[in-house]
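**Student:** File follows, coords22.csv with CSV, C-alpha atoms:
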chain,number,residue,atom,x,y,z
A,34,MET,CA,-11.2,1.9,-29.7
A,35,PHE,CA,-11.5,5.7,-29.9
A,36,ARG,CA,-15.2,5.3,-30.1
A,37,ASN,CA,-15.1,3.1,-27.0
A,38,LEU,CA,-13.2,5.7,-25.1
A,39,PHE,CA,-15.6,8.5,-25.9
A,40,PHE,CA,-18.6,6.3,-25.3
A,41,ALA,CA,-17.3,5.1,-21.9
A,42,ALA,CA,-16.6,8.7,-21.0
A,43,LEU,CA,-20.1,9.7,-22.0
A,44,VAL,CA,-21.8,7.0,-19.9
A,45,ALA,CA,-19.6,7.7,-16.9
A,46,ALA,CA,-20.3,11.4,-17.2
A,47,LEU,CA,-24.0,10.8,-17.3
A,48,CYS,CA,-23.9,8.6,-14.2
A,49,ALA,CA,-21.6,10.9,-12.2
A,50,GLY,CA,-23.3,14.1,-13.4
A,51,LEU,CA,-26.7,12.8,-12.3
A,52,ALA,CA,-25.4,11.4,-9.0
A,53,THR,CA,-23.7,14.7,-8.0
A,54,SER,CA,-26.9,16.6,-9.1
A,55,ALA,CA,-28.9,14.5,-6.7
A,56,PHE,CA,-26.4,15.0,-3.9
A,57,GLN,CA,-26.1,18.7,-4.6
A,58,ALA,CA,-29.9,19.1,-4.4
A,59,TRP,CA,-29.9,17.4,-1.1
A,60,ARG,CA,-26.9,18.8,0.8
A,61,VAL,CA,-25.1,21.5,-1.2
A,62,THR,CA,-27.6,23.8,-3.0
A,63,PRO,CA,-29.6,24.6,0.1
A,64,LEU,CA,-26.5,26.0,1.7
A,65,ILE,CA,-25.7,28.0,-1.5
A,66,PHE,CA,-29.2,29.5,-1.4
A,67,ALA,CA,-29.0,30.2,2.3
A,68,ALA,CA,-25.6,31.9,1.8
A,69,GLU,CA,-27.0,34.0,-1.1
A,70,SER,CA,-29.6,35.5,1.3
A,71,PHE,CA,-26.7,36.8,3.3
A,72,GLU,CA,-24.9,37.9,0.1
A,73,GLY,CA,-28.0,40.0,-0.8
A,74,SER,CA,-28.0,41.6,2.6
A,75,GLY,CA,-24.5,42.9,2.1
A,76,GLY,CA,-25.1,44.2,-1.5
A,77,GLU,CA,-24.8,42.3,-4.7
A,78,ALA,CA,-21.0,42.8,-4.8
A,79,HIS,CA,-19.9,39.6,-3.3
A,80,VAL,CA,-16.5,40.9,-2.1
A,81,HIS,CA,-18.2,43.6,-0.1
A,82,ALA,CA,-20.8,41.5,1.6
A,83,GLU,CA,-21.0,43.1,5.0
A,84,GLY,CA,-23.9,41.2,6.6
A,85,THR,CA,-25.7,44.4,7.2
A,86,ALA,CA,-29.4,44.1,6.8
A,87,ALA,CA,-32.0,45.8,4.5
A,88,HIS,CA,-29.9,47.1,1.6
A,89,GLU,CA,-31.8,47.9,-1.5
A,90,HIS,CA,-30.6,46.4,-4.8
A,91,ASP,CA,-30.3,49.9,-6.2
A,92,ASP,CA,-27.8,50.8,-3.5
A,93,ALA,CA,-25.8,47.7,-4.3
A,94,ALA,CA,-25.6,48.6,-8.0
A,95,ALA,CA,-23.2,51.4,-7.2
A,96,VAL,CA,-20.8,49.0,-5.4
A,97,SER,CA,-21.1,46.1,-7.8
A,98,ALA,CA,-19.9,47.9,-10.9
A,99,HIS,CA,-16.8,45.7,-11.1
A,100,GLU,CA,-18.1,42.3,-11.7
A,101,HIS,CA,-21.8,41.4,-11.2
A,102,GLY,CA,-24.3,43.9,-12.6
A,103,ASP,CA,-27.9,43.5,-11.5
A,104,ASP,CA,-29.0,43.3,-15.1
A,105,GLU,CA,-26.7,40.4,-15.9
A,106,TRP,CA,-28.4,37.3,-17.3
A,107,MET,CA,-28.7,34.4,-14.8
A,108,PRO,CA,-31.1,31.4,-14.7
A,109,GLN,CA,-34.3,32.1,-12.8
A,110,ASP,CA,-34.5,30.4,-9.4
A,111,GLY,CA,-36.5,27.2,-9.5
A,112,LEU,CA,-36.7,24.9,-12.5
A,113,GLU,CA,-34.6,26.9,-14.8
A,114,ARG,CA,-31.7,27.2,-12.3
A,115,THR,CA,-31.9,23.5,-11.4
A,116,ALA,CA,-31.9,22.6,-15.1
A,117,PHE,CA,-28.8,24.7,-15.8
A,118,THR,CA,-27.1,23.2,-12.8
A,119,VAL,CA,-27.9,19.6,-13.8
A,120,PHE,CA,-26.8,20.4,-17.4
A,121,SER,CA,-23.5,22.0,-16.3
A,122,ASN,CA,-22.9,19.1,-13.9
A,123,ILE,CA,-23.1,16.7,-16.8
A,124,LEU,CA,-20.8,18.8,-19.0
A,125,MET,CA,-18.4,19.2,-16.2
A,126,ALA,CA,-18.5,15.4,-15.6
A,127,ALA,CA,-17.9,14.8,-19.3
A,128,GLY,CA,-14.9,17.1,-19.1
A,129,TYR,CA,-13.4,15.1,-16.2
A,130,ALA,CA,-14.3,11.7,-17.8
A,131,LEU,CA,-12.5,12.7,-21.0
A,132,ILE,CA,-9.5,13.8,-19.0
A,133,ILE,CA,-9.5,10.5,-17.2
A,134,GLY,CA,-9.8,8.7,-20.6
A,135,ALA,CA,-7.0,10.8,-22.0
A,136,VAL,CA,-4.7,10.0,-19.1
A,137,SER,CA,-5.6,6.3,-19.5
A,138,VAL,CA,-4.8,6.3,-23.2
A,139,LEU,CA,-1.7,8.5,-23.2
A,140,PHE,CA,-0.1,6.6,-20.3
A,141,ASN,CA,-1.4,3.2,-21.2
A,142,LEU,CA,-3.2,2.7,-17.9
A,143,PRO,CA,-6.5,0.9,-18.7
A,144,VAL,CA,-9.6,1.8,-16.7
A,145,THR,CA,-11.5,-1.3,-15.7
A,146,PHE,CA,-14.3,-2.0,-13.2
A,147,ALA,CA,-11.7,-3.7,-11.0
A,148,ASN,CA,-9.5,-0.6,-10.8
A,149,GLY,CA,-12.3,2.0,-11.3
A,150,LEU,CA,-12.5,2.7,-7.6
A,151,LEU,CA,-8.8,3.5,-7.6
A,152,TRP,CA,-9.2,5.9,-10.5
A,153,GLY,CA,-12.1,7.5,-8.6
A,154,VAL,CA,-10.1,7.9,-5.5
A,155,GLY,CA,-7.2,9.3,-7.5
A,156,GLY,CA,-9.4,11.8,-9.2
A,157,PHE,CA,-10.8,12.8,-5.9
A,158,ALA,CA,-7.4,13.3,-4.5
A,159,ALA,CA,-6.2,15.4,-7.4
A,160,PHE,CA,-9.3,17.4,-8.3
A,161,THR,CA,-11.1,17.8,-5.0
A,162,LEU,CA,-8.7,17.2,-2.1
A,163,ALA,CA,-5.5,18.8,-3.3
A,164,PRO,CA,-7.1,22.1,-4.4
A,165,ALA,CA,-9.3,22.2,-1.2
A,166,LEU,CA,-6.2,22.0,1.0
A,167,GLY,CA,-5.2,25.5,0.0
A,168,LEU,CA,-8.5,26.9,-1.2
A,169,PRO,CA,-11.3,25.7,1.1
A,170,PRO,CA,-14.6,25.4,-1.0
A,171,GLY,CA,-16.5,28.7,-0.4
A,172,MET,CA,-20.0,29.9,-0.7
A,173,PRO,CA,-21.4,33.0,-2.3
A,174,GLY,CA,-21.0,36.0,-0.1
A,175,MET,CA,-17.7,35.0,1.4
A,176,PRO,CA,-14.6,37.2,1.0
A,177,VAL,CA,-12.2,35.7,-1.6
A,178,ALA,CA,-8.8,36.5,-3.2
A,179,ASP,CA,-8.4,37.4,-6.9
A,180,THR,CA,-10.2,34.8,-9.0
A,181,LEU,CA,-7.5,34.3,-11.6
A,182,ALA,CA,-4.8,33.8,-9.0
A,183,ARG,CA,-7.0,31.2,-7.3
A,184,GLN,CA,-7.7,29.5,-10.5
A,185,ILE,CA,-4.0,29.2,-11.4
A,186,TRP,CA,-3.2,27.8,-7.9
A,187,TRP,CA,-6.2,25.4,-8.2
A,188,PHE,CA,-4.9,24.0,-11.4
A,189,SER,CA,-1.3,23.7,-10.2
A,190,ALA,CA,-2.4,21.8,-7.1
A,191,ALA,CA,-4.7,19.5,-9.2
A,192,ILE,CA,-2.1,18.8,-11.9
A,193,GLY,CA,0.7,18.4,-9.4
A,194,THR,CA,-1.2,15.7,-7.5
A,195,GLY,CA,-2.5,14.1,-10.7
A,196,ALA,CA,0.9,13.9,-12.2
A,197,ALA,CA,2.3,12.4,-9.0
A,198,LEU,CA,-0.4,9.6,-9.1
A,199,VAL,CA,0.3,8.8,-12.7
A,200,LEU,CA,4.1,8.7,-12.1
A,201,VAL,CA,3.7,6.3,-9.2
A,202,ALA,CA,1.3,4.2,-11.2
A,203,LYS,CA,3.8,4.0,-14.1
A,204,VAL,CA,7.2,3.9,-12.4
A,205,ARG,CA,7.6,1.6,-9.3
A,206,ALA,CA,10.9,3.0,-8.0
A,207,PRO,CA,12.0,5.0,-5.0
A,208,TRP,CA,13.0,8.0,-7.0
A,209,ALA,CA,9.5,8.1,-8.6
A,210,LEU,CA,8.0,8.1,-5.1
A,211,ALA,CA,10.2,11.0,-4.1
A,212,VAL,CA,9.3,13.0,-7.2
A,213,ALA,CA,5.7,12.3,-6.6
A,214,VAL,CA,5.8,13.6,-3.0
A,215,ALA,CA,7.6,16.7,-4.3
A,216,LEU,CA,4.9,17.2,-7.0
A,217,ILE,CA,2.1,17.0,-4.4
A,218,LEU,CA,3.8,19.2,-1.9
A,219,LEU,CA,5.2,21.9,-4.2
A,220,PRO,CA,1.9,23.8,-4.8
A,221,GLN,CA,1.0,23.5,-1.2
A,222,LEU,CA,4.3,25.1,-0.1
A,223,ILE,CA,3.7,27.9,-2.6
A,224,ALA,CA,0.9,29.3,-0.5
A,225,ALA,CA,-2.6,29.6,-2.1
A,226,PRO,CA,-4.0,33.2,-2.6
A,227,GLN,CA,-5.4,34.2,0.8
A,228,ALA,CA,-8.8,35.7,1.2
A,229,PRO,CA,-9.0,39.2,2.5
A,230,ASP,CA,-10.1,39.5,6.1
A,231,ASP,CA,-13.4,41.3,5.1
A,232,PRO,CA,-16.4,40.8,7.3
A,233,THR,CA,-19.1,38.5,6.0
A,234,GLY,CA,-22.7,37.8,7.0
A,235,VAL,CA,-22.4,34.1,6.3
A,236,PRO,CA,-22.4,32.2,9.6
A,237,PRO,CA,-19.3,30.2,10.4
A,238,ARG,CA,-21.2,27.0,11.1
A,239,MET,CA,-22.7,27.1,7.6
A,240,THR,CA,-19.3,27.7,6.1
A,241,ALA,CA,-18.0,24.6,7.8
A,242,GLU,CA,-21.0,22.5,6.8
A,243,PHE,CA,-20.4,23.6,3.2
A,244,VAL,CA,-16.8,22.4,3.2
A,245,SER,CA,-17.8,18.9,4.3
A,246,ALA,CA,-20.7,18.8,1.9
A,247,VAL,CA,-18.4,19.7,-1.0
A,248,LEU,CA,-15.8,17.1,0.0
A,249,TYR,CA,-18.5,14.4,0.2
A,250,ASN,CA,-19.9,15.6,-3.1
A,251,GLY,CA,-16.5,15.3,-4.7
A,252,ALA,CA,-16.0,11.8,-3.3
A,253,LEU,CA,-19.3,10.6,-4.5
A,254,PHE,CA,-18.8,12.1,-7.9
A,255,TRP,CA,-15.4,10.6,-8.4
A,256,VAL,CA,-16.2,7.2,-7.2
A,257,VAL,CA,-19.3,7.0,-9.5
A,258,LEU,CA,-17.2,8.4,-12.4
A,259,GLY,CA,-14.4,5.8,-11.9
A,260,LEU,CA,-16.6,2.8,-11.4
A,261,ALA,CA,-19.0,3.7,-14.3
A,262,PHE,CA,-16.1,4.4,-16.6
A,263,GLY,CA,-14.5,1.1,-15.7
A,264,TRP,CA,-17.7,-0.9,-16.0
A,265,MET,CA,-18.5,0.6,-19.4
A,266,ALA,CA,-14.9,0.1,-20.7
A,267,ASP,CA,-15.1,-3.5,-19.6
A,268,PHE,CA,-18.4,-3.9,-21.3
A,269,LEU,CA,-17.3,-2.4,-24.5
A,270,ALA,CA,-14.0,-4.3,-24.6
A,271,ALA,CA,-15.9,-7.6,-24.2
A,272,ARG,CA,-18.1,-7.0,-27.2
A,273,PRO,CA,-17.6,-9.1,-30.3
A,274,ALA,CA,-14.6,-8.4,-32.5
A,275,PRO,CA,-16.4,-6.7,-35.5
A,276,GLN,CA,-17.6,-3.9,-33.3
A,277,LEU,CA,-14.1,-3.4,-32.0
A,278,ASN,CA,-12.6,-3.4,-35.5
A,279,GLY,CA,-15.2,-0.8,-36.6
A,280,ALA,CA,-14.3,1.3,-33.6
A,281,LYS,CA,-10.6,1.1,-34.3
A,282,ALA,CA,-10.9,2.8,-37.7
B,259,MET,CA,-13.7,-15.1,-31.2
B,260,ASN,CA,-11.9,-12.0,-30.2
B,261,ASN,CA,-8.2,-12.4,-29.4
B,262,SER,CA,-6.8,-11.1,-26.2
B,263,ALA,CA,-4.8,-8.3,-27.9
B,264,VAL,CA,-8.1,-6.8,-29.2
B,265,SER,CA,-10.1,-7.3,-26.1
B,266,THR,CA,-7.5,-5.6,-23.9
B,267,GLY,CA,-7.8,-2.6,-26.2
B,268,LEU,CA,-5.3,-0.1,-25.0
B,269,SER,CA,-2.1,-2.1,-25.4
B,270,SER,CA,-3.0,-3.1,-29.0
B,271,LEU,CA,-2.8,0.4,-30.2
B,272,SER,CA,0.3,2.0,-31.6
B,273,LEU,CA,1.9,4.9,-29.9
B,274,SER,CA,0.8,7.4,-32.5
B,275,GLN,CA,-2.8,6.2,-32.3
B,276,ARG,CA,-2.7,6.6,-28.5
B,277,LEU,CA,-1.3,10.1,-28.8
B,278,VAL,CA,-3.9,11.2,-31.2
B,279,ALA,CA,-6.9,9.8,-29.3
B,280,GLY,CA,-5.4,10.9,-25.9
B,281,LEU,CA,-4.7,14.5,-27.0
B,282,LEU,CA,-8.1,14.8,-28.6
B,283,ALA,CA,-9.8,13.6,-25.5
B,284,LEU,CA,-7.6,15.8,-23.3
B,285,MET,CA,-8.4,18.9,-25.4
B,286,LEU,CA,-12.1,18.2,-25.4
B,287,GLY,CA,-12.1,17.4,-21.7
B,288,LEU,CA,-10.2,20.5,-20.8
B,289,THR,CA,-12.5,22.7,-22.9
B,290,LEU,CA,-15.6,21.3,-21.1
B,291,LEU,CA,-13.9,21.7,-17.7
B,292,VAL,CA,-12.8,25.2,-18.3
B,293,GLY,CA,-16.1,26.1,-19.8
B,294,THR,CA,-18.1,24.9,-16.8
B,295,GLY,CA,-15.7,25.6,-14.0
B,296,PHE,CA,-13.4,28.5,-15.0
B,297,ALA,CA,-14.6,30.6,-17.9
B,298,GLY,CA,-14.9,34.3,-17.1
B,299,ASP,CA,-17.9,35.0,-19.3
B,300,TYR,CA,-20.8,35.9,-17.1
B,301,ARG,CA,-23.3,33.8,-19.0
B,302,LEU,CA,-21.1,30.7,-18.5
B,303,HIS,CA,-20.4,31.7,-15.0
B,304,ASN,CA,-24.0,32.3,-14.0
B,305,GLY,CA,-25.3,29.2,-15.8
B,306,ALA,CA,-22.9,26.9,-14.1
B,307,HIS,CA,-22.8,28.9,-10.9
B,308,ASP,CA,-24.0,26.2,-8.5
B,309,THR,CA,-21.8,23.5,-10.2
B,310,ARG,CA,-18.8,25.7,-9.6
B,311,HIS,CA,-19.5,26.1,-5.9
B,312,ALA,CA,-20.5,22.5,-5.4
B,313,MET,CA,-17.3,21.2,-7.0
B,314,GLY,CA,-15.0,23.5,-5.2
B,315,PHE,CA,-13.9,25.5,-8.2
B,316,PRO,CA,-12.7,29.0,-7.4
B,317,CYS,CA,-15.8,31.2,-7.7
B,318,HIS,CA,-16.7,34.6,-6.6
Just give me the structure of the file as structure tokens.

**Tutor:**
Amino acid sequence: MFRNLFFAALVAALCAGLATSAFQAWRVTPLIFAAESFEGSGGEAHVHAEGTAAHEHDDAAAVSAHEHGDDEWMPQDGLERTAFTVFSNILMAAGYALIIGAVSVLFNLPVTFANGLLWGVGGFAAFTLAPALGLPPGMPGMPVADTLARQIWWFSAAIGTGAALVLVAKVRAPWALAVAVALILLPQLIAAPQAPDDPTGVPPRMTAEFVSAVLYNGALFWVVLGLAFGWMADFLAARPAPQLNGAKA
Amino acid sequence: MNNSAVSTGLSSLSLSQRLVAGLLALMLGLTLLVGTGFAGDYRLHNGAHDTRHAMGFPCH
């Protein structure tokens, strides 16, 4: 059973990781690259991107002392960067798949192909939609609030919505529904860290395009993850008993 | 050949079995998620940079 869980999570992660990689290459990464060209124009220091043209990288080094030095390692643009992105997409997908598997096992809520779509939509609501309501997905070169504060808010929004969905799935009672609504709303009422009103060279239309691309990317990722996980879990559960007994040990 | 208790999987496990498997999967999953989406180390950040932006994780 444990082996089944990990194996189903692995297959689901591979499917979802590759699906999101393809979508990203099509609709997301081109926007990131375009935004980076504006980021460069304002100096390497992302927070201080001013959209002014023709800054030398040497000039920028003075500004960027706080976070991103020019000599920092980063994957080379092209094949290396794409490979790193695909690899981290799969690792990230494995992380989410294992979390879904953990929730399934801990709360005794099986993932099947029949309810895989529901798991996917739930994951999308908790990990894409709820955080994006307070922290709109942003591109490089855009002004942002303190990273740790945003990360804490991101997690509280995701966990609040995720917990609400699990609660409603387990307890069919009016009080559970009320608590679930409170769990979803609470992080949203505690306002997310606001970005400073710094100027940026990134065009607003591109910013808007990026938000919709990220939301679609999240939807695709989560639907594939949920369905693949359920399909694999069904497949493994239907296998002959000796396999299952082995996996139970 | 396989009885329904086995084929339904989850419900056939004892509570402690589910706790161990669930917490193990949760820890491993969170480690991977934090490593790709949240870690401050610049190598992890730059390697997973496009993933972070594309998935809406808080990035620079």

**Student:** In Å, with one decimal, what is the gap from CA of Tyr249 (chain A) to CA of Ser54 (chain A)?

**Tutor:** 12.7 Å

**Student:** In Å, how far is it from CA of Val177 (chain A) to CA of Thr53 (chain A)?

**Tutor:** 24.8 Å

**Student:** Pick from A:Glu72, A:Leu124, A:Phe39, A:Val119: nearest to Leu291 (chain B), with only C-alpha atoms counted?

**Tutor:**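 The shortest atom-to-atom distance to Leu291 (chain B) comes from A:Leu124.
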
**Student:** Do me a favour and pick out the residues of chain B within 8 Å of chain A, using only C-alpha atoms, as a ChimeraX atom specification.

**Tutor:** /B:259-260,264-269,276-277,279-284,286-291,294-296,300-301,304-309,311-318

**Student:** Next, dump the selected residues to file, keeping only C-alpha atoms, as a PDB file, in the coordinates of the input.

**Tutor:**
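Written out: out19.pdb:
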ATOM      1  CA  MET B 259     -13.700 -15.100 -31.200  1.00  0.00           C
ATOM      2  CA  ASN B 260     -11.900 -12.000 -30.200  1.00  0.00           C
ATOM      3  CA  VAL B 264      -8.100  -6.800 -29.200  1.00  0.00           C
ATOM      4  CA  SER B 265     -10.100  -7.300 -26.100  1.00  0.00           C
ATOM      5  CA  THR B 266      -7.500  -5.600 -23.900  1.00  0.00           C
ATOM      6  CA  GLY B 267      -7.800  -2.600 -26.200  1.00  0.00           C
ATOM      7  CA  LEU B 268      -5.300  -0.100 -25.000  1.00  0.00           C
ATOM      8  CA  SER B 269      -2.100  -2.100 -25.400  1.00  0.00           C
ATOM      9  CA  ARG B 276      -2.700   6.600 -28.500  1.00  0.00           C
ATOM     10  CA  LEU B 277      -1.300  10.100 -28.800  1.00  0.00           C
ATOM     11  CA  ALA B 279      -6.900   9.800 -29.300  1.00  0.00           C
ATOM     12  CA  GLY B 280      -5.400  10.900 -25.900  1.00  0.00           C
ATOM     13  CA  LEU B 281      -4.700  14.500 -27.000  1.00  0.00           C
ATOM     14  CA  LEU B 282      -8.100  14.800 -28.600  1.00  0.00           C
ATOM     15  CA  ALA B 283      -9.800  13.600 -25.500  1.00  0.00           C
ATOM     16  CA  LEU B 284      -7.600  15.800 -23.300  1.00  0.00           C
ATOM     17  CA  LEU B 286     -12.100  18.200 -25.400  1.00  0.00           C
ATOM     18  CA  GLY B 287     -12.100  17.400 -21.700  1.00  0.00           C
ATOM     19  CA  LEU B 288     -10.200  20.500 -20.800  1.00  0.00           C
ATOM     20  CA  THR B 289     -12.500  22.700 -22.900  1.00  0.00           C
ATOM     21  CA  LEU B 290     -15.600  21.300 -21.100  1.00  0.00           C
ATOM     22  CA  LEU B 291     -13.900  21.700 -17.700  1.00  0.00           C
ATOM     23  CA  THR B 294     -18.100  24.900 -16.800  1.00  0.00           C
ATOM     24  CA  GLY B 295     -15.700  25.600 -14.000  1.00  0.00           C
ATOM     25  CA  PHE B 296     -13.400  28.500 -15.000  1.00  0.00           C
ATOM     26  CA  TYR B 300     -20.800  35.900 -17.100  1.00  0.00           C
ATOM     27  CA  ARG B 301     -23.300  33.800 -19.000  1.00  0.00           C
ATOM     28  CA  ASN B 304     -24.000  32.300 -14.000  1.00  0.00           C
ATOM     29  CA  GLY B 305     -25.300  29.200 -15.800  1.00  0.00           C
ATOM     30  CA  ALA B 306     -22.900  26.900 -14.100  1.00  0.00           C
ATOM     31  CA  HIS B 307     -22.800  28.900 -10.900  1.00  0.00           C
ATOM     32  CA  ASP B 308     -24.000  26.200  -8.500  1.00  0.00           C
ATOM     33  CA  THR B 309     -21.800  23.500 -10.200  1.00  0.00           C
ATOM     34  CA  HIS B 311     -19.500  26.100  -5.900  1.00  0.00           C
ATOM     35  CA  ALA B 312     -20.500  22.500  -5.400  1.00  0.00           C
ATOM     36  CA  MET B 313     -17.300  21.200  -7.000  1.00  0.00           C
ATOM     37  CA  GLY B 314     -15.000  23.500  -5.200  1.00  0.00           C
ATOM     38  CA  PHE B 315     -13.900  25.500  -8.200  1.00  0.00           C
ATOM     39  CA  PRO B 316     -12.700  29.000  -7.400  1.00  0.00           C
ATOM     40  CA  CYS B 317     -15.800  31.200  -7.700  1.00  0.00           C
ATOM     41  CA  HIS B 318     -16.700  34.600  -6.600  1.00  0.00           C
TER      42      HIS B 318
END

**Student:** Quote the spacing between CA of Leu43 (chain A) and CA of Met265 (chain A) in Å to one decimal place.

**Tutor:**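 Rounded to one decimal, the two atoms are 9.6 Å apart.
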
**Student:** Quick one: axis-aligned box around all listed atoms of region 152-170 of chain A, 4 Å on every side, centre and edge lengths in Å to one decimal, written as AutoDock Vina command-line options.

**Tutor:**
--center_x -9.9 --center_y 16.4 --center_z -4.7 --size_x 17.4 --size_y 29.0 --size_z 19.6

**Student:** Can you pull out the residues contacting Phe262 (chain A)? Cut-off 6 Å, using all atoms listed in the file, and skip same-chain residues under 3 positions away; I want them as a list in words.

**Tutor:**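 Contacts, in chain order: Ala41, Ala45, Leu258, Gly259 and Met265 of chain A.
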
**Student:** Missing atoms in region 273-295 of chain B: can you complete it with N, CA and C atoms, as a tab-separated table (two decimals), in the frame of the given file?

**Tutor:**
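Output below, filename part_32.tsv:
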chain	number	residue	atom	x	y	z
B	273	LEU	N	1.67	3.72	-30.65
B	273	LEU	CA	1.90	4.90	-29.90
B	273	LEU	C	1.25	6.15	-30.48
B	274	SER	N	1.36	6.26	-31.81
B	274	SER	CA	0.80	7.40	-32.50
B	274	SER	C	-0.73	7.44	-32.35
B	275	GLN	N	-1.34	6.25	-32.45
B	275	GLN	CA	-2.80	6.20	-32.30
B	275	GLN	C	-3.20	6.63	-30.89
B	276	ARG	N	-2.43	6.20	-29.89
B	276	ARG	CA	-2.70	6.60	-28.50
B	276	ARG	C	-2.55	8.09	-28.32
B	277	LEU	N	-1.50	8.63	-28.94
B	277	LEU	CA	-1.30	10.10	-28.80
B	277	LEU	C	-2.41	10.88	-29.40
B	278	VAL	N	-2.87	10.48	-30.59
B	278	VAL	CA	-3.90	11.20	-31.20
B	278	VAL	C	-5.22	11.15	-30.41
B	279	ALA	N	-5.61	9.94	-30.03
B	279	ALA	CA	-6.90	9.80	-29.30
B	279	ALA	C	-6.74	10.47	-27.91
B	280	GLY	N	-5.57	10.33	-27.26
B	280	GLY	CA	-5.40	10.90	-25.90
B	280	GLY	C	-5.41	12.42	-25.96
B	281	LEU	N	-4.70	13.01	-26.92
B	281	LEU	CA	-4.70	14.50	-27.00
B	281	LEU	C	-6.01	15.06	-27.36
B	282	LEU	N	-6.71	14.35	-28.25
B	282	LEU	CA	-8.10	14.80	-28.60
B	282	LEU	C	-8.98	14.80	-27.43
B	283	ALA	N	-8.96	13.69	-26.70
B	283	ALA	CA	-9.80	13.60	-25.50
B	283	ALA	C	-9.42	14.62	-24.47
B	284	LEU	N	-8.11	14.85	-24.33
B	284	LEU	CA	-7.60	15.80	-23.30
B	284	LEU	C	-8.10	17.23	-23.68
B	285	MET	N	-7.99	17.58	-24.96
B	285	MET	CA	-8.40	18.90	-25.40
B	285	MET	C	-9.90	19.14	-25.16
B	286	LEU	N	-10.67	18.14	-25.58
B	286	LEU	CA	-12.10	18.20	-25.40
B	286	LEU	C	-12.51	18.29	-23.95
B	287	GLY	N	-11.85	17.46	-23.15
B	287	GLY	CA	-12.10	17.40	-21.70
B	287	GLY	C	-11.80	18.72	-21.04
B	288	LEU	N	-10.63	19.28	-21.38
B	288	LEU	CA	-10.20	20.50	-20.80
B	288	LEU	C	-11.17	21.68	-21.17
B	289	THR	N	-11.61	21.65	-22.45
B	289	THR	CA	-12.50	22.70	-22.90
B	289	THR	C	-13.83	22.64	-22.08
B	290	LEU	N	-14.35	21.44	-21.87
B	290	LEU	CA	-15.60	21.30	-21.10
B	290	LEU	C	-15.35	21.74	-19.64
B	291	LEU	N	-14.20	21.34	-19.09
B	291	LEU	CA	-13.90	21.70	-17.70
B	291	LEU	C	-13.75	23.19	-17.50
B	292	VAL	N	-12.99	23.80	-18.40
B	292	VAL	CA	-12.80	25.20	-18.30
B	292	VAL	C	-14.09	25.98	-18.56
B	293	GLY	N	-14.88	25.49	-19.53
B	293	GLY	CA	-16.10	26.10	-19.80
B	293	GLY	C	-17.12	26.12	-18.68
B	294	THR	N	-17.17	25.00	-17.95
B	294	THR	CA	-18.10	24.90	-16.80
B	294	THR	C	-17.53	25.50	-15.55
B	295	GLY	N	-16.24	25.31	-15.33
B	295	GLY	CA	-15.70	25.60	-14.00
B	295	GLY	C	-14.86	26.90	-13.94
